[in-house]
$ cat final_26.cif   # mmCIF, C-alpha atoms and all ligand atoms
data_target
#
loop_
_atom_site.group_PDB
_atom_site.id
_atom_site.type_symbol
_atom_site.label_atom_id
_atom_site.label_comp_id
_atom_site.auth_asym_id
_atom_site.auth_seq_id
_atom_site.Cartn_x
_atom_site.Cartn_y
_atom_site.Cartn_z
ATOM 1 C CA MET S 186 -111.232 -62.180 -34.483
ATOM 2 C CA GLU S 187 -108.637 -64.786 -33.665
ATOM 3 C CA GLU S 188 -105.910 -62.658 -35.141
ATOM 4 C CA LEU S 189 -106.813 -59.581 -33.080
ATOM 5 C CA ILE S 190 -105.603 -61.047 -29.791
ATOM 6 C CA PRO S 191 -101.928 -61.586 -30.808
ATOM 7 C CA LYS S 192 -101.953 -58.151 -32.532
ATOM 8 C CA LYS S 193 -103.130 -56.474 -29.313
ATOM 9 C CA LYS S 194 -100.518 -58.406 -27.358
ATOM 10 C CA GLY S 195 -97.837 -57.333 -29.866
ATOM 11 C CA ARG S 196 -98.810 -53.653 -29.538
ATOM 12 C CA LYS S 197 -98.753 -53.867 -25.766
ATOM 13 C CA ARG S 198 -95.280 -55.418 -25.841
ATOM 14 C CA ARG S 199 -94.033 -52.750 -28.231
ATOM 15 C CA LYS S 200 -95.453 -49.988 -26.024
ATOM 16 C CA ARG S 201 -93.804 -51.540 -22.986
ATOM 17 C CA ARG S 202 -90.487 -51.791 -24.820
ATOM 18 C CA ILE S 203 -90.699 -48.142 -25.892
ATOM 19 C CA PHE S 204 -91.581 -47.172 -22.338
ATOM 20 C CA VAL S 205 -88.635 -49.120 -20.912
ATOM 21 C CA ARG S 206 -86.240 -47.579 -23.449
ATOM 22 C CA LEU S 207 -87.546 -44.125 -22.655
ATOM 23 C CA MET S 208 -86.987 -44.733 -18.945
ATOM 24 C CA ILE S 209 -83.450 -45.977 -19.555
ATOM 25 C CA TRP S 210 -82.669 -42.855 -21.615
ATOM 26 C CA LEU S 211 -84.131 -40.591 -18.953
ATOM 27 C CA ILE S 212 -82.076 -42.320 -16.244
ATOM 28 C CA LEU S 213 -78.950 -41.969 -18.391
ATOM 29 C CA VAL S 214 -79.626 -38.279 -19.040
ATOM 30 C CA PHE S 215 -80.190 -37.589 -15.332
ATOM 31 C CA ALA S 216 -77.081 -39.569 -14.439
ATOM 32 C CA MET S 217 -75.058 -37.474 -16.920
ATOM 33 C CA ILE S 218 -76.432 -34.205 -15.536
ATOM 34 C CA GLY S 219 -75.647 -35.420 -12.029
ATOM 35 C CA MET S 220 -72.090 -36.334 -12.935
ATOM 36 C CA ILE S 221 -71.462 -33.022 -14.691
ATOM 37 C CA THR S 222 -72.800 -31.152 -11.647
ATOM 38 C CA VAL S 223 -70.570 -33.140 -9.285
ATOM 39 C CA VAL S 224 -67.469 -32.529 -11.471
ATOM 40 C CA ALA S 225 -68.304 -28.824 -11.743
ATOM 41 C CA LEU S 226 -68.696 -28.549 -7.973
ATOM 42 C CA ILE S 227 -65.395 -30.330 -7.376
ATOM 43 C CA VAL S 228 -63.550 -28.055 -9.838
ATOM 44 C CA TYR S 229 -65.182 -24.953 -8.319
ATOM 45 C CA GLY S 230 -64.333 -26.149 -4.816
ATOM 46 C CA ILE S 231 -60.687 -26.772 -5.725
ATOM 47 C CA SER S 232 -60.333 -23.367 -7.382
ATOM 48 C CA LYS S 233 -61.706 -21.736 -4.224
ATOM 49 C CA LEU S 234 -59.551 -23.726 -1.856
ATOM 50 C CA VAL S 235 -56.211 -23.547 -3.673
ATOM 51 C CA PRO S 236 -54.731 -20.055 -3.452
ATOM 52 C CA LYS S 237 -53.805 -18.438 -6.747
ATOM 53 C CA ALA S 238 -50.196 -18.894 -7.837
ATOM 54 C CA SER S 239 -48.210 -15.869 -6.914
ATOM 55 C CA SER S 240 -44.643 -14.839 -6.508
ATOM 56 C CA GLU S 241 -45.109 -12.555 -3.583
ATOM 57 C CA LYS S 242 -41.834 -13.603 -2.098
ATOM 58 C CA THR S 243 -39.168 -11.052 -2.640
ATOM 59 C CA VAL S 244 -35.628 -11.466 -1.619
ATOM 60 C CA ASN S 245 -33.599 -8.617 -0.334
ATOM 61 C CA THR S 246 -30.477 -8.754 -2.403
ATOM 62 C CA SER S 247 -29.721 -5.129 -1.796
ATOM 63 C CA GLY S 248 -26.876 -6.076 0.497
ATOM 64 C CA SER S 249 -24.789 -6.605 -2.581
ATOM 65 C CA TYR S 250 -25.849 -3.293 -4.057
ATOM 66 C CA ASP S 251 -23.820 -0.310 -3.154
ATOM 67 C CA LEU S 252 -26.178 2.637 -2.793
ATOM 68 C CA PRO S 253 -26.099 5.310 -3.944
ATOM 69 C CA GLY S 254 -23.033 4.448 -5.989
ATOM 70 C CA VAL S 255 -23.021 2.934 -9.420
ATOM 71 C CA SER S 256 -21.976 -0.556 -8.431
ATOM 72 C CA ILE S 257 -25.661 -1.490 -8.434
ATOM 73 C CA ASP S 258 -25.168 -2.236 -12.077
ATOM 74 C CA ASP S 259 -22.535 -4.892 -11.649
ATOM 75 C CA PRO S 260 -24.794 -7.639 -10.321
ATOM 76 C CA GLN S 261 -27.473 -6.555 -12.771
ATOM 77 C CA THR S 262 -25.140 -6.965 -15.679
ATOM 78 C CA SER S 263 -23.985 -10.339 -14.493
ATOM 79 C CA ALA S 264 -27.597 -11.353 -13.977
ATOM 80 C CA ALA S 265 -28.283 -10.613 -17.604
ATOM 81 C CA THR S 266 -25.389 -12.609 -18.913
ATOM 82 C CA SER S 267 -25.948 -15.558 -16.608
ATOM 83 C CA GLY S 268 -29.624 -15.697 -17.531
ATOM 84 C CA GLY S 269 -28.812 -16.490 -21.150
ATOM 85 C CA SER S 270 -30.240 -14.161 -23.692
ATOM 86 C CA GLY S 271 -32.897 -16.241 -25.377
ATOM 87 C CA THR S 272 -34.373 -17.941 -22.351
ATOM 88 C CA ALA S 273 -34.350 -14.762 -20.336
ATOM 89 C CA ALA S 274 -36.326 -12.970 -22.990
ATOM 90 C CA SER S 275 -38.898 -15.670 -23.510
ATOM 91 C CA SER S 276 -39.642 -16.076 -19.840
ATOM 92 C CA ALA S 277 -40.430 -12.402 -19.495
ATOM 93 C CA THR S 278 -44.069 -12.526 -20.483
ATOM 94 C CA ALA S 279 -44.850 -15.566 -18.388
ATOM 95 C CA SER S 280 -43.502 -14.155 -15.197
ATOM 96 C CA ALA S 281 -44.099 -10.450 -15.458
ATOM 97 C CA SER S 282 -47.806 -10.664 -14.727
ATOM 98 C CA ALA S 283 -47.062 -12.229 -11.366
ATOM 99 C CA ILE S 284 -44.630 -9.603 -10.155
ATOM 100 C CA SER S 285 -45.451 -8.616 -6.638
ATOM 101 C CA VAL S 286 -45.995 -4.980 -5.897
ATOM 102 C CA SER S 287 -45.269 -3.809 -2.420
ATOM 103 C CA SER S 288 -47.710 -1.531 -0.706
ATOM 104 C CA SER S 289 -45.148 -0.468 1.850
ATOM 105 C CA ASP S 290 -44.396 3.241 1.770
ATOM 106 C CA GLU S 291 -40.659 2.790 2.253
ATOM 107 C CA HIS S 292 -39.876 0.015 -0.157
ATOM 108 C CA LEU S 293 -39.736 -0.632 -3.878
ATOM 109 C CA ASN S 294 -39.283 -3.900 -5.722
ATOM 110 C CA ILE S 295 -37.431 -3.875 -9.002
ATOM 111 C CA ASP S 296 -37.889 -6.763 -11.378
ATOM 112 C CA LEU S 297 -34.693 -7.228 -13.362
ATOM 113 C CA GLN S 298 -35.520 -8.170 -16.928
ATOM 114 C CA LEU S 299 -32.402 -6.879 -18.607
ATOM 115 C CA LEU S 300 -32.463 -6.798 -22.388
ATOM 116 C CA THR S 301 -30.033 -8.827 -24.415
ATOM 117 C CA LYS S 302 -27.226 -6.553 -25.575
ATOM 118 C CA ASN S 303 -27.914 -5.503 -29.163
ATOM 119 C CA PRO S 304 -27.457 -2.371 -31.317
ATOM 120 C CA TYR S 305 -31.206 -1.588 -31.442
ATOM 121 C CA SER S 306 -32.190 -1.406 -27.782
ATOM 122 C CA ARG S 307 -29.228 -2.115 -25.506
ATOM 123 C CA PRO S 308 -25.998 -0.991 -27.154
ATOM 124 C CA GLY S 309 -24.010 -1.359 -23.921
ATOM 125 C CA THR S 310 -22.594 2.139 -24.219
ATOM 126 C CA THR S 311 -21.368 3.485 -20.880
ATOM 127 C CA LEU S 312 -23.500 6.141 -19.199
ATOM 128 C CA SER S 313 -20.995 7.860 -17.001
ATOM 129 C CA ASN S 314 -22.886 10.972 -16.004
ATOM 130 C CA VAL S 315 -26.548 11.150 -14.942
ATOM 131 C CA ASN S 316 -27.913 14.708 -14.840
ATOM 132 C CA ALA S 317 -31.654 14.007 -14.949
ATOM 133 C CA VAL S 318 -34.413 11.408 -14.878
ATOM 134 C CA VAL S 319 -36.626 11.554 -17.972
ATOM 135 C CA ILE S 320 -40.294 10.572 -17.686
ATOM 136 C CA HIS S 321 -42.003 9.015 -20.731
ATOM 137 C CA TYR S 322 -45.346 7.402 -21.480
ATOM 138 C CA THR S 323 -45.626 4.262 -23.588
ATOM 139 C CA ALA S 324 -48.293 5.653 -25.968
ATOM 140 C CA SER S 325 -49.973 2.235 -25.981
ATOM 141 C CA PRO S 326 -53.170 2.244 -23.884
ATOM 142 C CA LYS S 327 -53.439 -0.762 -21.564
ATOM 143 C CA GLY S 328 -50.044 -2.023 -22.737
ATOM 144 C CA THR S 329 -48.275 -3.775 -19.877
ATOM 145 C CA ALA S 330 -44.716 -3.349 -18.680
ATOM 146 C CA ALA S 331 -43.940 -6.881 -19.893
ATOM 147 C CA GLU S 332 -45.300 -6.148 -23.365
ATOM 148 C CA ASN S 333 -43.295 -2.954 -23.640
ATOM 149 C CA ARG S 334 -40.163 -4.731 -22.467
ATOM 150 C CA GLU S 335 -40.807 -7.459 -25.034
ATOM 151 C CA TYR S 336 -41.082 -4.811 -27.729
ATOM 152 C CA PHE S 337 -37.625 -3.476 -26.827
ATOM 153 C CA GLU S 338 -36.180 -6.985 -26.710
ATOM 154 C CA ASP S 339 -37.658 -7.891 -30.089
ATOM 155 C CA LEU S 340 -36.017 -4.894 -31.750
ATOM 156 C CA ARG S 341 -32.812 -6.918 -31.863
ATOM 157 C CA ILE S 342 -34.618 -9.254 -34.261
ATOM 158 C CA PHE S 343 -36.911 -6.895 -36.195
ATOM 159 C CA LYS S 344 -34.420 -4.016 -36.303
ATOM 160 C CA THR S 345 -37.212 -1.564 -37.186
ATOM 161 C CA THR S 346 -36.012 1.245 -34.947
ATOM 162 C CA LYS S 347 -33.771 2.031 -32.018
ATOM 163 C CA ALA S 348 -35.704 2.351 -28.765
ATOM 164 C CA SER S 349 -35.574 1.340 -25.117
ATOM 165 C CA SER S 350 -35.774 2.589 -21.559
ATOM 166 C CA HIS S 351 -33.929 1.861 -18.336
ATOM 167 C CA PHE S 352 -37.167 1.246 -16.468
ATOM 168 C CA ILE S 353 -40.811 0.553 -17.277
ATOM 169 C CA VAL S 354 -43.474 1.182 -14.643
ATOM 170 C CA GLY S 355 -46.542 -1.003 -15.229
ATOM 171 C CA LEU S 356 -50.263 -0.633 -14.662
ATOM 172 C CA ASP S 357 -50.044 -2.487 -11.349
ATOM 173 C CA GLY S 358 -47.138 -0.362 -10.204
ATOM 174 C CA GLU S 359 -44.589 -3.051 -11.053
ATOM 175 C CA VAL S 360 -41.146 -1.759 -11.973
ATOM 176 C CA VAL S 361 -39.262 -3.617 -14.693
ATOM 177 C CA GLN S 362 -35.630 -2.734 -15.297
ATOM 178 C CA CYS S 363 -34.434 -3.283 -18.867
ATOM 179 C CA ILE S 364 -31.039 -1.593 -18.826
ATOM 180 C CA PRO S 365 -28.511 -1.026 -16.020
ATOM 181 C CA THR S 366 -28.177 2.633 -15.105
ATOM 182 C CA ARG S 367 -24.528 2.674 -16.043
ATOM 183 C CA GLU S 368 -25.443 2.031 -19.691
ATOM 184 C CA ILE S 369 -27.356 4.329 -22.011
ATOM 185 C CA ALA S 370 -30.898 3.642 -23.225
ATOM 186 C CA TYR S 371 -32.387 4.798 -26.525
ATOM 187 C CA ALA S 372 -35.182 6.943 -25.135
ATOM 188 C CA SER S 373 -34.505 10.650 -24.919
ATOM 189 C CA ASN S 374 -32.777 11.786 -28.107
ATOM 190 C CA ASN S 375 -29.702 13.912 -27.435
ATOM 191 C CA ARG S 376 -30.118 13.411 -23.669
ATOM 192 C CA ASN S 377 -29.551 9.641 -23.844
ATOM 193 C CA LYS S 378 -25.967 10.378 -22.985
ATOM 194 C CA ASP S 379 -26.678 11.883 -19.549
ATOM 195 C CA THR S 380 -30.124 10.762 -18.382
ATOM 196 C CA VAL S 381 -31.972 7.746 -17.011
ATOM 197 C CA ALA S 382 -35.307 6.963 -18.696
ATOM 198 C CA ILE S 383 -38.559 5.747 -17.143
ATOM 199 C CA GLU S 384 -41.354 4.575 -19.461
ATOM 200 C CA CYS S 385 -44.755 4.625 -17.802
ATOM 201 C CA CYS S 386 -47.811 2.549 -18.751
ATOM 202 C CA HIS S 387 -51.269 4.103 -18.931
ATOM 203 C CA GLU S 388 -54.861 2.950 -19.246
ATOM 204 C CA ASP S 389 -56.230 4.964 -22.170
ATOM 205 C CA GLU S 390 -55.668 7.509 -24.931
ATOM 206 C CA THR S 391 -55.520 10.428 -22.481
ATOM 207 C CA GLY S 392 -52.206 9.075 -21.203
ATOM 208 C CA LYS S 393 -53.317 9.620 -17.606
ATOM 209 C CA PHE S 394 -51.447 7.413 -15.145
ATOM 210 C CA ASN S 395 -53.361 5.410 -12.555
ATOM 211 C CA GLU S 396 -52.607 5.647 -8.831
ATOM 212 C CA LYS S 397 -50.497 2.468 -8.656
ATOM 213 C CA THR S 398 -48.365 3.544 -11.595
ATOM 214 C CA LEU S 399 -47.980 7.062 -10.186
ATOM 215 C CA ASP S 400 -46.951 5.719 -6.793
ATOM 216 C CA SER S 401 -44.153 3.575 -8.238
ATOM 217 C CA MET S 402 -43.099 6.380 -10.599
ATOM 218 C CA LYS S 403 -42.752 8.618 -7.545
ATOM 219 C CA LYS S 404 -40.729 6.060 -5.561
ATOM 220 C CA LEU S 405 -38.465 5.106 -8.447
ATOM 221 C CA THR S 406 -37.806 8.711 -9.413
ATOM 222 C CA ALA S 407 -37.128 9.615 -5.777
ATOM 223 C CA TRP S 408 -34.695 6.727 -5.430
ATOM 224 C CA LEU S 409 -32.864 7.761 -8.607
ATOM 225 C CA LEU S 410 -32.633 11.388 -7.445
ATOM 226 C CA VAL S 411 -30.989 10.272 -4.218
ATOM 227 C CA LYS S 412 -28.769 7.739 -5.996
ATOM 228 C CA PHE S 413 -27.425 10.324 -8.415
ATOM 229 C CA GLY S 414 -27.530 13.308 -6.052
ATOM 230 C CA LEU S 415 -30.092 15.235 -8.142
ATOM 231 C CA SER S 416 -32.731 17.722 -7.054
ATOM 232 C CA ALA S 417 -36.423 17.419 -7.824
ATOM 233 C CA ASP S 418 -36.362 20.907 -9.328
ATOM 234 C CA ASP S 419 -34.129 20.263 -12.302
ATOM 235 C CA GLY S 420 -33.450 16.550 -11.897
ATOM 236 C CA ILE S 421 -36.822 15.387 -13.256
ATOM 237 C CA ILE S 422 -37.749 16.252 -16.822
ATOM 238 C CA ARG S 423 -40.241 15.124 -19.462
ATOM 239 C CA HIS S 424 -39.302 13.773 -22.858
ATOM 240 C CA TYR S 425 -41.171 16.894 -24.027
ATOM 241 C CA ASP S 426 -38.557 19.083 -22.333
ATOM 242 C CA VAL S 427 -35.855 17.397 -24.410
ATOM 243 C CA SER S 428 -37.349 17.318 -27.890
ATOM 244 C CA GLY S 429 -40.813 18.905 -27.773
ATOM 245 C CA LYS S 430 -42.398 15.500 -28.308
ATOM 246 C CA LEU S 431 -45.889 15.022 -26.827
ATOM 247 C CA CYS S 432 -44.502 12.710 -24.153
ATOM 248 C CA PRO S 433 -45.669 11.968 -21.531
ATOM 249 C CA LYS S 434 -48.932 13.168 -23.091
ATOM 250 C CA TYR S 435 -50.903 13.745 -19.894
ATOM 251 C CA PHE S 436 -48.101 15.672 -18.225
ATOM 252 C CA VAL S 437 -47.570 17.832 -21.301
ATOM 253 C CA GLU S 438 -51.280 18.627 -21.663
ATOM 254 C CA HIS S 439 -51.735 19.096 -17.903
ATOM 255 C CA GLU S 440 -48.889 21.226 -16.670
ATOM 256 C CA ASP S 441 -50.496 21.390 -13.198
ATOM 257 C CA GLU S 442 -50.438 17.572 -12.928
ATOM 258 C CA TRP S 443 -46.780 17.526 -13.955
ATOM 259 C CA LYS S 444 -45.989 20.038 -11.230
ATOM 260 C CA LYS S 445 -48.026 17.960 -8.763
ATOM 261 C CA PHE S 446 -46.010 14.869 -9.673
ATOM 262 C CA LYS S 447 -42.696 16.668 -9.236
ATOM 263 C CA ASP S 448 -43.870 18.079 -5.908
ATOM 264 C CA SER S 449 -44.909 14.602 -4.746
ATOM 265 C CA VAL S 450 -41.423 13.288 -5.566
ATOM 266 C CA ALA S 451 -39.758 16.202 -3.749
ATOM 267 C CA GLU S 452 -41.953 15.629 -0.708
ATOM 268 C CA TYR S 453 -41.250 11.910 -0.748
ATOM 269 C CA VAL S 454 -37.495 12.511 -0.910
ATOM 270 C CA ASP S 455 -37.718 14.939 2.012
ATOM 271 C CA GLU S 456 -39.716 12.515 4.132
ATOM 272 C CA HIS S 457 -37.835 9.332 3.284
ATOM 273 C CA ARG S 458 -34.326 10.436 2.476
ATOM 274 C CA ALA S 459 -32.734 8.069 4.974
ATOM 275 C CA ALA S 460 -34.816 5.118 3.813
ATOM 276 C CA LEU S 461 -34.101 5.914 0.154
ATOM 277 C CA ALA S 462 -30.373 5.868 0.824
ATOM 278 C CA SER S 463 -30.471 2.652 2.818
ATOM 279 C CA ASP S 464 -29.758 -0.819 1.494
ATOM 280 C CA ASP S 465 -33.225 -1.968 2.491
ATOM 281 C CA TYR S 466 -35.162 0.370 0.248
ATOM 282 C CA LEU S 467 -34.984 -1.829 -2.845
ATOM 283 C CA THR S 468 -35.689 -5.495 -3.224
ATOM 284 C CA PHE S 469 -35.070 -7.342 -6.437
ATOM 285 C CA THR S 470 -36.737 -10.100 -8.371
ATOM 286 C CA GLU S 471 -35.506 -11.477 -11.652
ATOM 287 C CA PHE S 472 -38.140 -12.102 -14.285
ATOM 288 C CA GLY S 473 -40.701 -12.161 -11.499
ATOM 289 C CA ARG S 474 -38.789 -14.655 -9.349
ATOM 290 C CA SER S 475 -36.849 -14.028 -6.240
HETATM 291 ZN ZN ZN W 501 -40.962 9.628 -24.614
#

$ encode --input "final_26.cif" --output "structure tokens"
Amino acid sequence: MEELIPKKKGRKRRKRRIFVRLMIWLILVFAMIGMITVVALIVYGISKLVPKASSEKTVNTSGSYDLPGVSIDDPQTSAATSGGSGTAASSATASASAISVSSSDEHLNIDLQLLTKNPYSRPGTTLSNVNAVVIHYTASPKGTAAENREYFEDLRIFKTTKASSHFIVGLDGEVVQCIPTREIAYASNNRNKDTVAIECCHEDETGKFNEKTLDSMKKLTAWLLVKFGLSADDGIIRHYDVSGKLCPKYFVEHEDEWKKFKDSVAEYVDEHRAALASDDYLTFTEFGRS
């Protein structure tokens, strides 16, 4: 009997110790949950308060561009050489996603991302005569303008084929210029020598262009028609009309939509001819920066 008392006391102490430890653990766990919640709220609050990084600023450099002459290409060419080939190419992907797209009806921003001169995508051959604008589709669903531009740029390394385009119109309506219009692009077979090429991004296998892409395609084509004194009737053609290639797929399979696009360009030129010919129509960014 004498031994039972210390045993009971020992059990009680042990229980108390376990209880105290349990409490300490619980307090620690609650403190951790509390801290995580506070940190999460702070991070969420900051993300809400700080506006997303954007490069909406565009600078109007068109004063130095002589429209609708060909001297537009001079500053573009110098921009390419001053940018340095390697760095210019590598910064393309980072900046292209942030290109601002104007919603104004009488304005178009062109993002200059000129390719490095190379025999596979930018040979530097003079394009002295422009008789038509050729519309293409990228044939890569959801592919962005930046990705397509990167593909052209990388051809100088991989040398797998010869391909390029003067312009690429992206899924958000952004317009990326890869080659000055006084140089040829490798896009339209035997018409490379007298046409300007526009590659257009699309969402899916049908090749159908979304509204933003269509809007910029219309504006860019209209601007080129005015620049080179072409008519919408015979100044806009499909790659299909050159070589029979299924390009741009949607406009080959839907002749009515192709006609609708051409009509929309003609109408736009009629309504905005003065604006299209003015120095203010285009603004320029370079690799997404003004
Ligand atoms: Zn094509």

$ resolve_selection --input "final_26.cif" --expression "the PyMOL selection byres (((chain S and resi 288-305) around 7) and not hetatm)" --output "PyMOL selection string"
chain S and resi 265+270+277+286-287+306-309+338+340-341+344+346-348+360-364+404+460+466-473

$ residues_around --input "final_26.cif" --residues "segment 365-382 of chain S" --least-positions-apart "3" --cutoff "7 Å" --atoms "only C-alpha atoms" --output "CSV table (one decimal) with C-alpha atoms, in the frame of the given file"
chain,number,residue,atom,x,y,z
S,255,VAL,CA,-23.0,2.9,-9.4
S,258,ASP,CA,-25.2,-2.2,-12.1
S,261,GLN,CA,-27.5,-6.6,-12.8
S,262,THR,CA,-25.1,-7.0,-15.7
S,306,SER,CA,-32.2,-1.4,-27.8
S,307,ARG,CA,-29.2,-2.1,-25.5
S,309,GLY,CA,-24.0,-1.4,-23.9
S,310,THR,CA,-22.6,2.1,-24.2
S,311,THR,CA,-21.4,3.5,-20.9
S,312,LEU,CA,-23.5,6.1,-19.2
S,313,SER,CA,-21.0,7.9,-17.0
S,314,ASN,CA,-22.9,11.0,-16.0
S,315,VAL,CA,-26.5,11.2,-14.9
S,316,ASN,CA,-27.9,14.7,-14.8
S,317,ALA,CA,-31.7,14.0,-14.9
S,318,VAL,CA,-34.4,11.4,-14.9
S,319,VAL,CA,-36.6,11.6,-18.0
S,320,ILE,CA,-40.3,10.6,-17.7
S,347,LYS,CA,-33.8,2.0,-32.0
S,348,ALA,CA,-35.7,2.4,-28.8
S,349,SER,CA,-35.6,1.3,-25.1
S,350,SER,CA,-35.8,2.6,-21.6
S,351,HIS,CA,-33.9,1.9,-18.3
S,352,PHE,CA,-37.2,1.2,-16.5
S,424,HIS,CA,-39.3,13.8,-22.9
S,427,VAL,CA,-35.9,17.4,-24.4

$ closest_atom_pairs --input "final_26.cif" --of "chain S" --to "ligand ZN 501 (chain W)" --cutoff "6 Å" --atoms "only C-alpha atoms and all ligand atoms" --output "CSV"
residue,atom,partner,partner_atom,distance
S:His321,CA,W:ZN501,ZN,4.1
S:Tyr322,CA,W:ZN501,ZN,5.8
S:His424,CA,W:ZN501,ZN,4.8
S:Cys432,CA,W:ZN501,ZN,4.7

$ axis_aligned_box --input "final_26.cif" --around "segment 430-448 of chain S" --padding-each-side "3 Å" --output "lines of an AutoDock Vina configuration file"
center_x = -47.1
center_y = 16.7
center_z = -17.1
size_x = 15.3
size_y = 15.4
size_z = 28.4

$ atom_distance --input "final_26.cif" --atom1 "atom CA of Tyr425 of chain S" --atom2 "atom CA of His439 of chain S"
12.4 Å
